[in-house]
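Student: Once you've had a glance at the structure underneath, I'll fire off some questions.
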Amino acid sequence: MKKQTINGGYKNLPFFKQSEIIYDFTVAFCQKYIDYKSRTKDQMEQAARSGKQNIPEGYLQKSLEGRIKLLGVARGSLEELLNDYQDFLRQHGFRLWDKDSAEAKRVRSLVYNNYNSYNDYKNYIEHGGEPAANAIICLINQTNRLLDQKLRWLEEKFVNEGGFRENLFKKRMDRKQSMLK
């Protein structure tokens, strides 16, 4: 079985691809709707960047514990960004789409496109702050759910198989035992 850490295999993970779209979208959103001198602009862009960048950093960790930690940081950053978009809607008197609304369902279906990319979402930026913020909220929620699933799976794997240091120690002890025989 090929490891996902070899040759940037993480780039094929749906939550990585989606985090890249979220980052690009957030940069464009901030340029259009957030005051360039605002601390909020910097915070949103950094949260989006952290949500993306911690995924490859986590996947390049040898330890399962390190991977879990960095994917957790990515997840936390995206949650922070989600709150920023929700704050934007509330502060501007805009409506937050219900998750079962036709608009939200249309945006959620974009993730299933074979060539899902930023281009699938960027037109929402041109239609105003309300549709733009709501569209990216949908994608952040989808991405967070995928990260939550991955984190649960990794935590279960850690419990069942142990961590990197623990397994190295076991191998070392096994080798010592075999040398004593």
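To be explicit about the labels: the chains of the structure tokens are called A, B, and onward in the order shown, and within each one the residues are counted from 1, while ligands get numbers from 1 in the order they are shown.
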Tyr59 (chain A): which residues within 9 Å, counting only C-alpha atoms, same-chain residues fewer than 2 positions away excluded, as a CSV table (one decimal) with N, CA and C atoms, in the first residue's frame?

Tutor:
chain,number,residue,atom,x,y,z
A,4,GLN,N,0.5,7.9,1.9
A,4,GLN,CA,0.0,9.2,1.4
A,4,GLN,C,1.0,10.3,1.6
A,5,THR,N,2.0,10.1,2.4
A,5,THR,CA,3.0,11.1,2.7
A,5,THR,C,4.1,11.2,1.6
A,8,GLY,N,3.8,14.0,-1.9
A,8,GLY,CA,2.7,14.9,-1.7
A,8,GLY,C,1.3,14.3,-1.8
A,9,GLY,N,1.2,13.0,-1.5
A,9,GLY,CA,-0.1,12.3,-1.6
A,9,GLY,C,-1.3,13.0,-0.9
A,10,TYR,N,-0.9,13.8,0.1
A,10,TYR,CA,-1.9,14.6,0.8
A,10,TYR,C,-2.7,15.5,-0.2
A,54,ASN,N,-1.5,23.3,7.6
A,54,ASN,CA,-1.2,22.3,8.7
A,54,ASN,C,-1.6,20.9,8.2
A,55,ILE,N,-2.3,20.8,7.1
A,55,ILE,CA,-2.6,19.4,6.6
A,55,ILE,C,-1.3,18.8,6.0
A,56,PRO,N,-0.6,19.5,5.1
A,56,PRO,CA,0.7,18.8,4.6
A,56,PRO,C,1.7,18.7,5.7
A,57,GLU,N,1.8,19.6,6.6
A,57,GLU,CA,2.7,19.5,7.7
A,57,GLU,C,2.4,18.3,8.5
A,61,GLN,N,4.5,14.2,9.0
A,61,GLN,CA,5.0,13.7,10.3
A,61,GLN,C,5.1,12.2,10.3
A,62,LYS,N,6.2,11.7,10.9
A,62,LYS,CA,6.4,10.3,11.1
A,62,LYS,C,5.4,9.7,12.2
A,66,GLY,N,1.8,13.3,16.0
A,66,GLY,CA,2.1,14.6,15.4
A,66,GLY,C,1.1,14.9,14.3
A,67,ARG,N,0.7,13.9,13.5
A,67,ARG,CA,-0.3,14.0,12.5
A,67,ARG,C,-1.7,14.5,13.1
A,70,LEU,N,-1.5,18.2,14.3
A,70,LEU,CA,-1.5,19.2,13.2
A,70,LEU,C,-2.8,19.2,12.4
A,71,LEU,N,-3.4,18.0,12.3
A,71,LEU,CA,-4.8,18.1,11.6
A,71,LEU,C,-5.8,18.7,12.6

Student: Any chance you could list, as a count of residues only, the residues in region 31-153 of chain A that come up alpha helix (DSSP H) when DSSP is run on the backbone?

Tutor: 90

Student: List the spatial neighbours of region 104-106 of chain A as a list in words - criterion: any atom at most 12 Å away, only C-alpha atoms, same-chain residues fewer than 5 positions off excluded.

Tutor: Leu96, Trp97, Asp98, Lys99, Val111, Tyr112, Asn113, Asp120, Tyr121, Tyr124, Pro131, Ala132, Ala133, Asn134, Ala135, Ile136, Ile137, Cys138, Leu139, Asn141 and Gln142 of chain A

Student: How many Å lie between CA of Gly51 (chain A) and CA of Ser77 (chain A), rounded to one decimal?

Tutor: 5.1 Å

Student: Can you pull out every residue within 10 Å of Gln53 (chain A), counting only C-alpha atoms, but drop anything in the same chain fewer than 4 positions away, and send it as a PyMOL selection string?

Tutor: chain A and resi 16+19-20+23+47-49+57-58+70-71+73-74

Student: Could you please determine the separation between CA of Leu146 (chain A) and CA of Phe29 (chain A) in Å, to one decimal place?

Tutor: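 Taking CA of Leu146 (chain A) and CA of Phe29 (chain A), their separation equals 23.4 Å.
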
Student: Tell me which protein, DNA and RNA residues are within 10 Å of Phe158 (chain A), counting only C-alpha atoms, leaving out same-chain ones fewer than 6 positions away, and put them as JSON, numbers by chain.

Tutor: {"A": [63, 64, 65, 68, 152, 164]}

Student: Limited to C-alpha atoms, could you put the picked residues into a file as a short mmCIF file (atom, residue, chain, number, x, y, z; two decimals), in the first residue's frame?

Tutor:
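Output file result_27.cif follows:
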data_model
loop_
_atom_site.label_atom_id
_atom_site.label_comp_id
_atom_site.auth_asym_id
_atom_site.auth_seq_id
_atom_site.Cartn_x
_atom_site.Cartn_y
_atom_site.Cartn_z
CA SER A 63 4.36 10.07 14.27
CA LEU A 64 0.64 9.48 14.32
CA GLU A 65 0.49 11.75 17.36
CA ILE A 68 -3.32 14.11 14.83
CA ARG A 152 -11.59 10.02 14.67
CA PHE A 164 5.67 6.09 16.58
#

Student: Rounded to one decimal in Å, what is the spacing between CA of Glu45 (chain A) and CA of Val27 (chain A)?

Tutor: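 Going from CA of Glu45 (chain A) over to CA of Val27 (chain A), I get 6.0 Å.
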
Student: Hey, which of A:Glu130, A:Lys122, A:Leu147, A:Asn116 ends up closest to Gly93 (chain A)? Count only C-alpha atoms.

Tutor: A:Glu130
